[in-house]
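S.K.: One structure follows; several queries about it will come next.
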Amino acid sequence: MGTFKAWVVEKGEAGQSLAFRDFDEADLMDGDVTVRVTHSTLNYKDGLALTGTSPVVRRFPMIPGIDFSGIVERSDHPEYTTGDAVVLTGWGVGETHLGAYAQRARVKGDWLVPLPQGLTPEQAMAIGTAGYTAMLCCMALDAHGVTPDHGPVIVTGASGGVGSVAVALLARAGWHVIASTGRDGESDYLRRLGAAEILDRAELSKPGKPLGKERWAAGIDAVGSTTLANVLAQTRADGAVAACGLAQGMDLPTSVAPFILRGVSLLGINSVTTPQKKRREAWTRLARDLDLAKLATMTSTVRLEEVGRLGEEILAGKVRGRIVVEVA
Ligand code: NDP
């Protein structure tokens with residue numbers, strides 16, 4: 001066993017610190033599969049972990065990074081052998097289990113999914129936890145039975161990672177997509193992804209009425225707080241909103257009015273511990289339904305060494321679309 005390069009979060013008397021350094025392979029945590037990480041990505045939660053803004057990291061030292069793709073180096077798991085291409089998202093990796101911003105990871109084979117056919121390891125991380133969560137949101141709306149002929153769909157936090165993938169997926173599925181964004185300069189970008197209308201997020205971010213004009217049949221919300229309350233208040237009767245994020249805040253200052261007077265449903269999305277069957281279905285659908293040319297337009301690439309400076313940027317809402325981290 002040797003050492004490999006990793007970002008490492010430590011906790012000392014002065015608080016949390018972050019360093020790019022050599023990490024001893026012998027110090028990796030238990031797991032039945034060791035992976036040579038080839039790509040990772042940057043999600044909002046990674047920003048929280050890298051900066052210590054909220055207590056995402058619950059074990060020190062920690063290698064942050066909540067998702068990766070890579071090649072199996074060693075496996076005692078019956079489903080994986082050396083050389084297999086795999087993807088991991090969630091399961092507390094980068095939070096309680098040593099994570100993705102490193103050249104090696106050792107994890108439970110039960111947490112992995114095989115790299116979906118039709119995707120490269122790089123494309124899988126261009127999708128990443130954010131894009132996979134966008135697909136879970138789409139699947140929740142499908143399962144609820146709300147479809148494009150019921151009316152438009154709104155996506156909040158549209159220029160971000162979850163939002164960008166959600167816009168592309170929903171447009172491809174035939175929805176009239178209303179993209180809510182706070183960034184003036186991203187209208188053309190969002191239209192290229194398939195948005196039919198752009199809504200200034202200021203319209204949704206301030207406290208509103210318990211019920212408003214019915215504007216959309218469905219929603220995917222990455223923002224939470226007052227924005228989600230306003231999205232619910234303006235959802236058509238029997239519509240549904242999939243809620244996955246908290247970029248504006250964790251609170252939800254709403255009333256029961258949308259639920260009991262319009263039969264609106266709020267569908268909660270948790271990507272971290274999604275069971276394997278649903279996980280694989282989501283990845284299969286991503287490989288089939290996501291326009292890879294659009295994925296390329298929403299993706300930029302950085303090297304592992306550059307990750308340390310990006311935490312602040314994603315929390316400040318300055319990252320557009322998706323960022324792939326090249327680890328090799
Ligand atoms: P990004 O930072 O890429 O996207 C968030 C977007 O939200 C921003 O781009 C911005 O979009 C908007 N936004 C940021 N700050 C505010 C604000 N104060 N008020 C209103 N809108 C704001 O993050 P991700 O796409 O990676 O993640 C989005 C959210 O989803 C996060 O809260 C994340 O924690 C959550 N998440 C949850 C998962 C789950 O399992 N439930 C899994 C993955 C993500 P714009 O500039 O276009 O307005």
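Ligands are numbered from 1 in the order shown, residues from 1 within each chain, and chains are lettered A, B, ... in the order they appear in the structure tokens.
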As a list in words, please: the residues near A:Gly131 (cut-off 10 Å, only C-alpha atoms, same-chain neighbours under 5 positions excluded).
M.R.: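 Counting only C-alpha atoms, the residues come to Asn43, Ala124, Met125, Ala126, Leu136, Cys137, Gly161, Val162, Gly163, Ser164, Val165, Ala166, Leu169, Ala282, Trp283, Leu286, Leu290, Leu295, Gly321 and Arg322 of chain A.
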S.K.: Please produce an output containing N, CA and C atoms for each residue in the selection, written as a compact mmCIF listing (two decimals), in the first residue's frame.
M.R.:
# COMPACT_ATOMS: atom_id res chain seq x y z
N ASN A 43 -20.92 19.55 -5.91
CA ASN A 43 -22.32 19.76 -5.58
C ASN A 43 -22.41 20.80 -4.46
N ALA A 124 -20.79 10.64 -16.42
CA ALA A 124 -21.51 10.25 -15.20
C ALA A 124 -21.31 11.30 -14.11
N MET A 125 -20.12 11.89 -14.05
CA MET A 125 -19.89 12.92 -13.04
C MET A 125 -20.34 14.30 -13.51
N ALA A 126 -20.47 14.50 -14.82
CA ALA A 126 -21.13 15.72 -15.28
C ALA A 126 -22.59 15.69 -14.79
N LEU A 136 -34.42 11.88 -10.06
CA LEU A 136 -35.32 11.39 -9.01
C LEU A 136 -36.55 12.29 -8.90
N CYS A 137 -36.34 13.60 -9.07
CA CYS A 137 -37.47 14.54 -9.03
C CYS A 137 -38.43 14.26 -10.20
N GLY A 161 -26.81 23.18 -10.60
CA GLY A 161 -26.60 21.82 -11.08
C GLY A 161 -27.90 21.03 -11.21
N VAL A 162 -28.66 20.93 -10.11
CA VAL A 162 -29.94 20.21 -10.18
C VAL A 162 -30.83 20.88 -11.22
N GLY A 163 -30.89 22.22 -11.15
CA GLY A 163 -31.79 22.97 -12.02
C GLY A 163 -31.49 22.78 -13.49
N SER A 164 -30.21 22.88 -13.86
CA SER A 164 -29.84 22.77 -15.29
C SER A 164 -30.24 21.40 -15.85
N VAL A 165 -29.93 20.34 -15.10
CA VAL A 165 -30.26 18.99 -15.59
C VAL A 165 -31.78 18.82 -15.62
N ALA A 166 -32.47 19.37 -14.61
CA ALA A 166 -33.93 19.25 -14.59
C ALA A 166 -34.54 19.93 -15.81
N LEU A 169 -33.96 17.71 -18.87
CA LEU A 169 -34.76 16.47 -18.86
C LEU A 169 -36.25 16.77 -19.11
N ALA A 282 -32.88 5.20 -12.09
CA ALA A 282 -32.59 6.62 -12.36
C ALA A 282 -31.39 6.74 -13.31
N TRP A 283 -30.33 5.97 -13.07
CA TRP A 283 -29.15 6.05 -13.94
C TRP A 283 -29.45 5.55 -15.35
N LEU A 286 -31.28 8.27 -17.02
CA LEU A 286 -30.39 9.39 -17.37
C LEU A 286 -29.62 9.08 -18.65
N LEU A 290 -31.26 11.85 -21.15
CA LEU A 290 -30.59 13.14 -21.08
C LEU A 290 -29.83 13.40 -22.38
N LEU A 295 -25.85 18.22 -22.00
CA LEU A 295 -25.03 17.99 -20.80
C LEU A 295 -23.66 18.64 -20.99
N GLY A 321 -24.45 25.47 -13.90
CA GLY A 321 -24.55 24.08 -14.37
C GLY A 321 -23.69 23.15 -13.54
N ARG A 322 -22.88 22.35 -14.21
CA ARG A 322 -22.16 21.27 -13.54
C ARG A 322 -20.65 21.42 -13.73
S.K.: Just want the residues within 6 Å of ligand 1, written as a PyMOL selection string, counting only C-alpha atoms and all ligand atoms.
M.R.: chain A and resi 43-45+129-130+133+157-163+181-183+222-223+244-248+269-272+314-315+317+319
S.K.: Using only C-alpha atoms, which protein or nucleic acid residues come within 12 Å of A:Asp184? Drop anything in the same chain fewer than 5 positions from it, and give the result as a list in words.
M.R.: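 That gives Ala158, Ser159, Ala179, Tyr189, Leu190, Ile198, Leu199, Asp200, Arg201 and Ala202 of chain A.
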S.K.: With N, CA and C atoms retained, write the just-selected residues as a PDB file, in the first residue's frame.
M.R.:
ATOM      1  N   ALA A 158     -32.605  27.384 -11.380  1.00  0.00           N
ATOM      2  CA  ALA A 158     -32.478  26.734 -12.695  1.00  0.00           C
ATOM      3  C   ALA A 158     -31.063  26.732 -13.254  1.00  0.00           C
ATOM      4  N   SER A 159     -30.248  27.750 -12.941  1.00  0.00           N
ATOM      5  CA  SER A 159     -28.883  27.760 -13.504  1.00  0.00           C
ATOM      6  C   SER A 159     -27.921  26.877 -12.727  1.00  0.00           C
ATOM      7  N   ALA A 179     -38.183  28.436 -16.214  1.00  0.00           N
ATOM      8  CA  ALA A 179     -36.937  28.368 -15.440  1.00  0.00           C
ATOM      9  C   ALA A 179     -36.816  29.609 -14.570  1.00  0.00           C
ATOM     10  N   TYR A 189     -28.575  30.753 -21.901  1.00  0.00           N
ATOM     11  CA  TYR A 189     -28.110  29.418 -21.481  1.00  0.00           C
ATOM     12  C   TYR A 189     -29.320  28.519 -21.160  1.00  0.00           C
ATOM     13  N   LEU A 190     -30.255  29.044 -20.388  1.00  0.00           N
ATOM     14  CA  LEU A 190     -31.404  28.220 -19.983  1.00  0.00           C
ATOM     15  C   LEU A 190     -32.317  27.914 -21.167  1.00  0.00           C
ATOM     16  N   ILE A 198     -38.474  32.331 -18.873  1.00  0.00           N
ATOM     17  CA  ILE A 198     -37.556  32.626 -17.766  1.00  0.00           C
ATOM     18  C   ILE A 198     -38.324  33.472 -16.750  1.00  0.00           C
ATOM     19  N   LEU A 199     -38.220  33.108 -15.482  1.00  0.00           N
ATOM     20  CA  LEU A 199     -38.878  33.865 -14.411  1.00  0.00           C
ATOM     21  C   LEU A 199     -37.809  34.395 -13.466  1.00  0.00           C
ATOM     22  N   ASP A 200     -37.893  35.687 -13.152  1.00  0.00           N
ATOM     23  CA  ASP A 200     -36.940  36.277 -12.207  1.00  0.00           C
ATOM     24  C   ASP A 200     -37.226  35.693 -10.820  1.00  0.00           C
ATOM     25  N   ARG A 201     -36.199  35.134 -10.196  1.00  0.00           N
ATOM     26  CA  ARG A 201     -36.450  34.456  -8.920  1.00  0.00           C
ATOM     27  C   ARG A 201     -36.933  35.422  -7.827  1.00  0.00           C
ATOM     28  N   ALA A 202     -36.709  36.735  -8.034  1.00  0.00           N
ATOM     29  CA  ALA A 202     -37.187  37.722  -7.055  1.00  0.00           C
ATOM     30  C   ALA A 202     -38.705  37.645  -6.911  1.00  0.00           C
TER      31      ALA A 202
END
S.K.: I need the residue nearest A:Leu28 from this list: A:Arg106, A:Arg320, A:Arg74, A:Lys278. Use only C-alpha atoms for the distance.
M.R.: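 Nearest to A:Leu28: A:Arg106.
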S.K.: Would you mind telling me which residue in A:Lys294, A:Ser265, A:Asp30, A:Arg279 lies nearest to A:Gly194 when using only C-alpha atoms?
M.R.: A:Lys294
S.K.: Need to verify the contact set: A:His176, 8 Å, only C-alpha atoms, exclusion of same-chain residues closer than 6 positions in sequence. Can you return it as a VMD selection string?
M.R.: chain A and resid 148 151 to 153 170 195 to 196
S.K.: Any chance you can output those residues with all heavy atoms as a compact mmCIF listing (two decimals), in the first residue's frame?
M.R.:
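After the write, out_38.txt holds the following:
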# COMPACT_ATOMS: atom_id res chain seq x y z
N PRO A 148 -47.01 16.53 -19.06
CA PRO A 148 -46.95 17.82 -19.75
C PRO A 148 -48.32 18.35 -20.20
O PRO A 148 -48.51 19.56 -20.31
CB PRO A 148 -46.06 17.53 -20.96
CG PRO A 148 -45.16 16.42 -20.51
CD PRO A 148 -46.02 15.57 -19.62
N GLY A 151 -50.10 21.09 -17.93
CA GLY A 151 -49.68 22.49 -17.86
C GLY A 151 -48.18 22.60 -17.73
O GLY A 151 -47.46 21.60 -17.82
N PRO A 152 -47.67 23.83 -17.51
CA PRO A 152 -46.21 24.03 -17.43
C PRO A 152 -45.61 23.44 -16.16
O PRO A 152 -46.33 23.09 -15.22
CB PRO A 152 -46.08 25.56 -17.40
CG PRO A 152 -47.39 26.11 -17.80
CD PRO A 152 -48.43 25.09 -17.46
N VAL A 153 -44.29 23.36 -16.17
CA VAL A 153 -43.55 22.95 -14.97
C VAL A 153 -42.56 24.06 -14.64
O VAL A 153 -41.98 24.66 -15.54
CB VAL A 153 -42.80 21.61 -15.20
CG1 VAL A 153 -41.76 21.69 -16.31
CG2 VAL A 153 -42.13 21.11 -13.92
N LEU A 170 -36.75 17.80 -18.45
CA LEU A 170 -38.19 18.10 -18.58
C LEU A 170 -38.53 18.58 -19.99
O LEU A 170 -39.55 18.20 -20.56
CB LEU A 170 -38.58 19.16 -17.54
CG LEU A 170 -38.55 18.70 -16.08
CD1 LEU A 170 -38.58 19.90 -15.13
CD2 LEU A 170 -39.70 17.74 -15.76
N ALA A 195 -35.54 25.71 -21.78
CA ALA A 195 -36.54 26.51 -21.07
C ALA A 195 -37.38 27.29 -22.07
O ALA A 195 -36.84 27.87 -23.02
CB ALA A 195 -35.85 27.46 -20.10
N ALA A 196 -38.70 27.31 -21.86
CA ALA A 196 -39.59 28.07 -22.74
C ALA A 196 -39.80 29.47 -22.20
O ALA A 196 -40.10 30.40 -22.96
CB ALA A 196 -40.93 27.34 -22.86
